[in-house]
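A short write-up of the structure that comes next.
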Amino acid sequence: MSGLTVPVSTTDHIQGSLDEPVVLVEYADFQCPSCGEAFSLVKRLQQRFGEGLCLVFRHFPLVQAHPQALPAAITAEYAAAHGRFWDAHDALFRNQQQLGELVYRELMRELGLPEEGLAAAMDDSGNLLRIQRDIESGMGSGVTGTPSFFINGALFQPRQSFEELYDAIVQAGAKRS
């Protein structure tokens with residue numbers, strides 16, 4: 001069983017507190033259909049477990065298969081620079097079927113962010129470096145596809161479906177109490 005080789009830190013995108021009984025790290029690609037399905041599940045898990053669950057998102061764009069994965073990740077990072085990562089994250093997954101420049105520009109308008117800054121963000125080496133660090137941390141932790149989840153640092157590999165995350169989170173929370 002693989003473990004998370006790069007510990008979660010304040011440089012990650014975090015929803016909740018790292019002190020919660022369960023820290024769920026997700027490596028995902030905004031254009032990946034399986035990640036889109038997992039997005040809905042993760043939202044339900046967050047509602048179910050509330051403050052008992054901390055969510056950490058790390059980029060793992062599969063650029064060969066998903067040409068909009070990297071631009072979407074950069075769009076999310078641009079929003080993050082303005083304190084709006086999670087708003088962008090949710091909107092990108094909700095609009096997964098239409099990802100592209102029009103969606104990114106509309107998202108900027110909805111978030112009240114300067115559209116012209118998004119074009120510069122696409123060429124910003126800092127954004128690419130941030131995303132590359134996530135990819136490298138995932139590869140070092142055994143991530144081979146998306147979505148990939150780690151529960152309290154341990155790789156979660158479902159036998160049949162990602163719905164099994166629920167039971168795994170309950171078990172992990174029980175171990176920490």
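The way I read the labels, and the way they are meant: chains A, B, ... in the order of the structure tokens, residue 1 as the first residue of every chain, and ligand 1 as the first ligand shown, with later ones counted on from there.
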Within 8 Å of stretch 46-62 of chain A, which residues of stretch 70-171 of chain A show up? Give each one with its shortest atom-to-atom distance in Å (one decimal) and the two atoms involved, counting only C-alpha atoms, rows by chain then rising residue number, as a tab-separated table.
residue	atom	partner	partner_atom	distance
A:Leu70	CA	A:Pro61	CA	5.8
A:Ala73	CA	A:His59	CA	6.8
A:Ile131	CA	A:His59	CA	5.8
A:Asp134	CA	A:His59	CA	5.5
A:Ile135	CA	A:Phe60	CA	5.1
A:Gly138	CA	A:Phe60	CA	7.3
A:Gly145	CA	A:Leu62	CA	8.0
A:Thr146	CA	A:Phe60	CA	7.2
Could those selected residues go to a file with all heavy atoms, as a PDB file, in the first residue's frame?
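And here is the file that came out, out_36.pdb:
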ATOM      1  N   LEU A  70      -4.879  21.124 -18.219  1.00  0.00           N
ATOM      2  CA  LEU A  70      -3.888  22.095 -17.745  1.00  0.00           C
ATOM      3  C   LEU A  70      -4.446  23.520 -17.739  1.00  0.00           C
ATOM      4  O   LEU A  70      -4.308  24.221 -16.733  1.00  0.00           O
ATOM      5  CB  LEU A  70      -2.597  22.002 -18.559  1.00  0.00           C
ATOM      6  CG  LEU A  70      -1.462  22.905 -18.070  1.00  0.00           C
ATOM      7  CD1 LEU A  70      -1.096  22.616 -16.620  1.00  0.00           C
ATOM      8  CD2 LEU A  70      -0.241  22.731 -18.981  1.00  0.00           C
ATOM      9  N   ALA A  73      -6.585  23.817 -14.735  1.00  0.00           N
ATOM     10  CA  ALA A  73      -5.796  23.873 -13.499  1.00  0.00           C
ATOM     11  C   ALA A  73      -5.191  25.268 -13.321  1.00  0.00           C
ATOM     12  O   ALA A  73      -5.184  25.805 -12.202  1.00  0.00           O
ATOM     13  CB  ALA A  73      -4.699  22.814 -13.529  1.00  0.00           C
ATOM     14  N   ILE A 131       1.639  23.463 -10.288  1.00  0.00           N
ATOM     15  CA  ILE A 131       0.932  22.287 -10.791  1.00  0.00           C
ATOM     16  C   ILE A 131       1.916  21.125 -10.959  1.00  0.00           C
ATOM     17  O   ILE A 131       1.600  19.984 -10.602  1.00  0.00           O
ATOM     18  CB  ILE A 131       0.199  22.628 -12.111  1.00  0.00           C
ATOM     19  CG1 ILE A 131      -0.929  23.640 -11.808  1.00  0.00           C
ATOM     20  CG2 ILE A 131      -0.335  21.383 -12.793  1.00  0.00           C
ATOM     21  CD1 ILE A 131      -1.468  24.368 -13.019  1.00  0.00           C
ATOM     22  N   ASP A 134       2.596  19.401  -7.727  1.00  0.00           N
ATOM     23  CA  ASP A 134       1.511  18.481  -7.372  1.00  0.00           C
ATOM     24  C   ASP A 134       1.658  17.168  -8.143  1.00  0.00           C
ATOM     25  O   ASP A 134       1.525  16.080  -7.570  1.00  0.00           O
ATOM     26  CB  ASP A 134       0.141  19.099  -7.666  1.00  0.00           C
ATOM     27  CG  ASP A 134      -0.336  20.076  -6.610  1.00  0.00           C
ATOM     28  OD1 ASP A 134       0.382  20.301  -5.609  1.00  0.00           O
ATOM     29  OD2 ASP A 134      -1.441  20.632  -6.784  1.00  0.00           O
ATOM     30  N   ILE A 135       1.924  17.265  -9.442  1.00  0.00           N
ATOM     31  CA  ILE A 135       2.072  16.063 -10.271  1.00  0.00           C
ATOM     32  C   ILE A 135       3.216  15.200  -9.739  1.00  0.00           C
ATOM     33  O   ILE A 135       3.068  13.981  -9.566  1.00  0.00           O
ATOM     34  CB  ILE A 135       2.327  16.447 -11.749  1.00  0.00           C
ATOM     35  CG1 ILE A 135       1.085  17.118 -12.342  1.00  0.00           C
ATOM     36  CG2 ILE A 135       2.728  15.222 -12.567  1.00  0.00           C
ATOM     37  CD1 ILE A 135       1.334  17.787 -13.691  1.00  0.00           C
ATOM     38  N   GLY A 138       2.345  13.480  -6.570  1.00  0.00           N
ATOM     39  CA  GLY A 138       1.450  12.356  -6.848  1.00  0.00           C
ATOM     40  C   GLY A 138       2.204  11.156  -7.394  1.00  0.00           C
ATOM     41  O   GLY A 138       2.010  10.023  -6.937  1.00  0.00           O
ATOM     42  N   GLY A 145      -3.291   7.456 -12.026  1.00  0.00           N
ATOM     43  CA  GLY A 145      -4.475   7.929 -12.732  1.00  0.00           C
ATOM     44  C   GLY A 145      -5.310   8.788 -11.814  1.00  0.00           C
ATOM     45  O   GLY A 145      -4.980   8.976 -10.643  1.00  0.00           O
ATOM     46  N   THR A 146      -6.397   9.292 -12.380  1.00  0.00           N
ATOM     47  CA  THR A 146      -7.261  10.169 -11.594  1.00  0.00           C
ATOM     48  C   THR A 146      -8.690   9.641 -11.604  1.00  0.00           C
ATOM     49  O   THR A 146      -9.090   9.000 -12.574  1.00  0.00           O
ATOM     50  CB  THR A 146      -7.245  11.599 -12.158  1.00  0.00           C
ATOM     51  OG1 THR A 146      -7.654  11.579 -13.523  1.00  0.00           O
ATOM     52  CG2 THR A 146      -5.882  12.228 -12.028  1.00  0.00           C
TER      53      THR A 146
END
Exercise for review: Name the residues of stretch 3-177 of chain A that come out as strand (DSSP E) in a backbone DSSP run; write them as a list in words.
Suggested key: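 Answer for stretch 3-177 of chain A, restricted to strand (DSSP E): His13, Ile14, Gln15, Val22, Val23, Leu24, Val25, Glu26, Tyr27, Ala28, Leu53, Cys54, Leu55, Val56, Phe57, Arg58, His59, Ser148, Phe149, Phe150, Ile151, Ala154, Leu155 and Phe156 of chain A.
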If we count only C-alpha atoms and set the cut-off at 10 Å, which residues sit around A:Arg105, ignoring sequence neighbours fewer than 6 positions away in its own chain? Please answer as a PDB file with all heavy atoms, in the first residue's frame.
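Just written: out-v1.pdb:
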ATOM      1  N   THR A  75      -6.430  28.030 -14.512  1.00  0.00           N
ATOM      2  CA  THR A  75      -7.561  28.905 -14.163  1.00  0.00           C
ATOM      3  C   THR A  75      -7.847  28.812 -12.664  1.00  0.00           C
ATOM      4  O   THR A  75      -8.061  29.833 -11.998  1.00  0.00           O
ATOM      5  CB  THR A  75      -8.806  28.521 -14.991  1.00  0.00           C
ATOM      6  OG1 THR A  75      -8.507  28.690 -16.378  1.00  0.00           O
ATOM      7  CG2 THR A  75     -10.011  29.368 -14.617  1.00  0.00           C
ATOM      8  N   LEU A 111     -16.748  35.333 -10.735  1.00  0.00           N
ATOM      9  CA  LEU A 111     -15.970  35.481  -9.508  1.00  0.00           C
ATOM     10  C   LEU A 111     -15.512  36.921  -9.275  1.00  0.00           C
ATOM     11  O   LEU A 111     -14.920  37.219  -8.244  1.00  0.00           O
ATOM     12  CB  LEU A 111     -14.748  34.551  -9.537  1.00  0.00           C
ATOM     13  CG  LEU A 111     -15.035  33.053  -9.590  1.00  0.00           C
ATOM     14  CD1 LEU A 111     -13.735  32.264  -9.640  1.00  0.00           C
ATOM     15  CD2 LEU A 111     -15.898  32.610  -8.411  1.00  0.00           C
ATOM     16  N   LEU A 113     -13.220  38.513 -11.005  1.00  0.00           N
ATOM     17  CA  LEU A 113     -11.763  38.594 -11.184  1.00  0.00           C
ATOM     18  C   LEU A 113     -11.438  39.179 -12.551  1.00  0.00           C
ATOM     19  O   LEU A 113     -12.181  38.973 -13.507  1.00  0.00           O
ATOM     20  CB  LEU A 113     -11.133  37.201 -11.052  1.00  0.00           C
ATOM     21  CG  LEU A 113     -11.394  36.489  -9.732  1.00  0.00           C
ATOM     22  CD1 LEU A 113     -10.764  35.098  -9.749  1.00  0.00           C
ATOM     23  CD2 LEU A 113     -10.868  37.295  -8.563  1.00  0.00           C
ATOM     24  N   PRO A 114     -10.324  39.899 -12.660  1.00  0.00           N
ATOM     25  CA  PRO A 114      -9.961  40.508 -13.938  1.00  0.00           C
ATOM     26  C   PRO A 114      -9.653  39.452 -15.007  1.00  0.00           C
ATOM     27  O   PRO A 114      -8.742  38.641 -14.833  1.00  0.00           O
ATOM     28  CB  PRO A 114      -8.729  41.343 -13.622  1.00  0.00           C
ATOM     29  CG  PRO A 114      -8.341  41.047 -12.218  1.00  0.00           C
ATOM     30  CD  PRO A 114      -9.392  40.209 -11.597  1.00  0.00           C
ATOM     31  N   GLU A 115     -10.416  39.479 -16.086  1.00  0.00           N
ATOM     32  CA  GLU A 115     -10.229  38.517 -17.173  1.00  0.00           C
ATOM     33  C   GLU A 115      -8.856  38.633 -17.817  1.00  0.00           C
ATOM     34  O   GLU A 115      -8.267  37.632 -18.207  1.00  0.00           O
ATOM     35  CB  GLU A 115     -11.288  38.723 -18.250  1.00  0.00           C
ATOM     36  CG  GLU A 115     -12.663  38.266 -17.855  1.00  0.00           C
ATOM     37  CD  GLU A 115     -13.669  38.501 -18.952  1.00  0.00           C
ATOM     38  OE1 GLU A 115     -13.440  38.013 -20.082  1.00  0.00           O
ATOM     39  OE2 GLU A 115     -14.678  39.179 -18.685  1.00  0.00           O
ATOM     40  N   GLU A 116      -8.362  39.859 -17.932  1.00  0.00           N
ATOM     41  CA  GLU A 116      -7.068  40.046 -18.598  1.00  0.00           C
ATOM     42  C   GLU A 116      -5.933  39.371 -17.827  1.00  0.00           C
ATOM     43  O   GLU A 116      -4.949  38.937 -18.403  1.00  0.00           O
ATOM     44  CB  GLU A 116      -6.748  41.527 -18.842  1.00  0.00           C
ATOM     45  CG  GLU A 116      -6.677  42.391 -17.606  1.00  0.00           C
ATOM     46  CD  GLU A 116      -8.021  42.864 -17.062  1.00  0.00           C
ATOM     47  OE1 GLU A 116      -9.074  42.558 -17.655  1.00  0.00           O
ATOM     48  OE2 GLU A 116      -7.994  43.552 -16.021  1.00  0.00           O
ATOM     49  N   LEU A 118      -6.140  36.510 -16.451  1.00  0.00           N
ATOM     50  CA  LEU A 118      -6.174  35.084 -16.739  1.00  0.00           C
ATOM     51  C   LEU A 118      -5.235  34.741 -17.889  1.00  0.00           C
ATOM     52  O   LEU A 118      -4.521  33.733 -17.828  1.00  0.00           O
ATOM     53  CB  LEU A 118      -7.602  34.633 -17.057  1.00  0.00           C
ATOM     54  CG  LEU A 118      -7.784  33.150 -17.344  1.00  0.00           C
ATOM     55  CD1 LEU A 118      -7.321  32.297 -16.164  1.00  0.00           C
ATOM     56  CD2 LEU A 118      -9.242  32.857 -17.670  1.00  0.00           C
ATOM     57  N   ALA A 119      -5.197  35.582 -18.927  1.00  0.00           N
ATOM     58  CA  ALA A 119      -4.292  35.324 -20.064  1.00  0.00           C
ATOM     59  C   ALA A 119      -2.845  35.319 -19.589  1.00  0.00           C
ATOM     60  O   ALA A 119      -2.058  34.450 -19.971  1.00  0.00           O
ATOM     61  CB  ALA A 119      -4.509  36.367 -21.154  1.00  0.00           C
TER      62      ALA A 119
END
Study note, to complete from the structure: Across A:Glu37, A:Asp12, A:Glu20, A:Glu106, the smallest distance to A:Ser161, with only C-alpha atoms counted, is shown by A:Glu37
Practice item. Provide the atom CA of A:Gly16 to atom CA of A:Arg159 distance in Å, to one decimal place. Key: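 Atom CA of A:Arg159 lies 27.5 Å from atom CA of A:Gly16.
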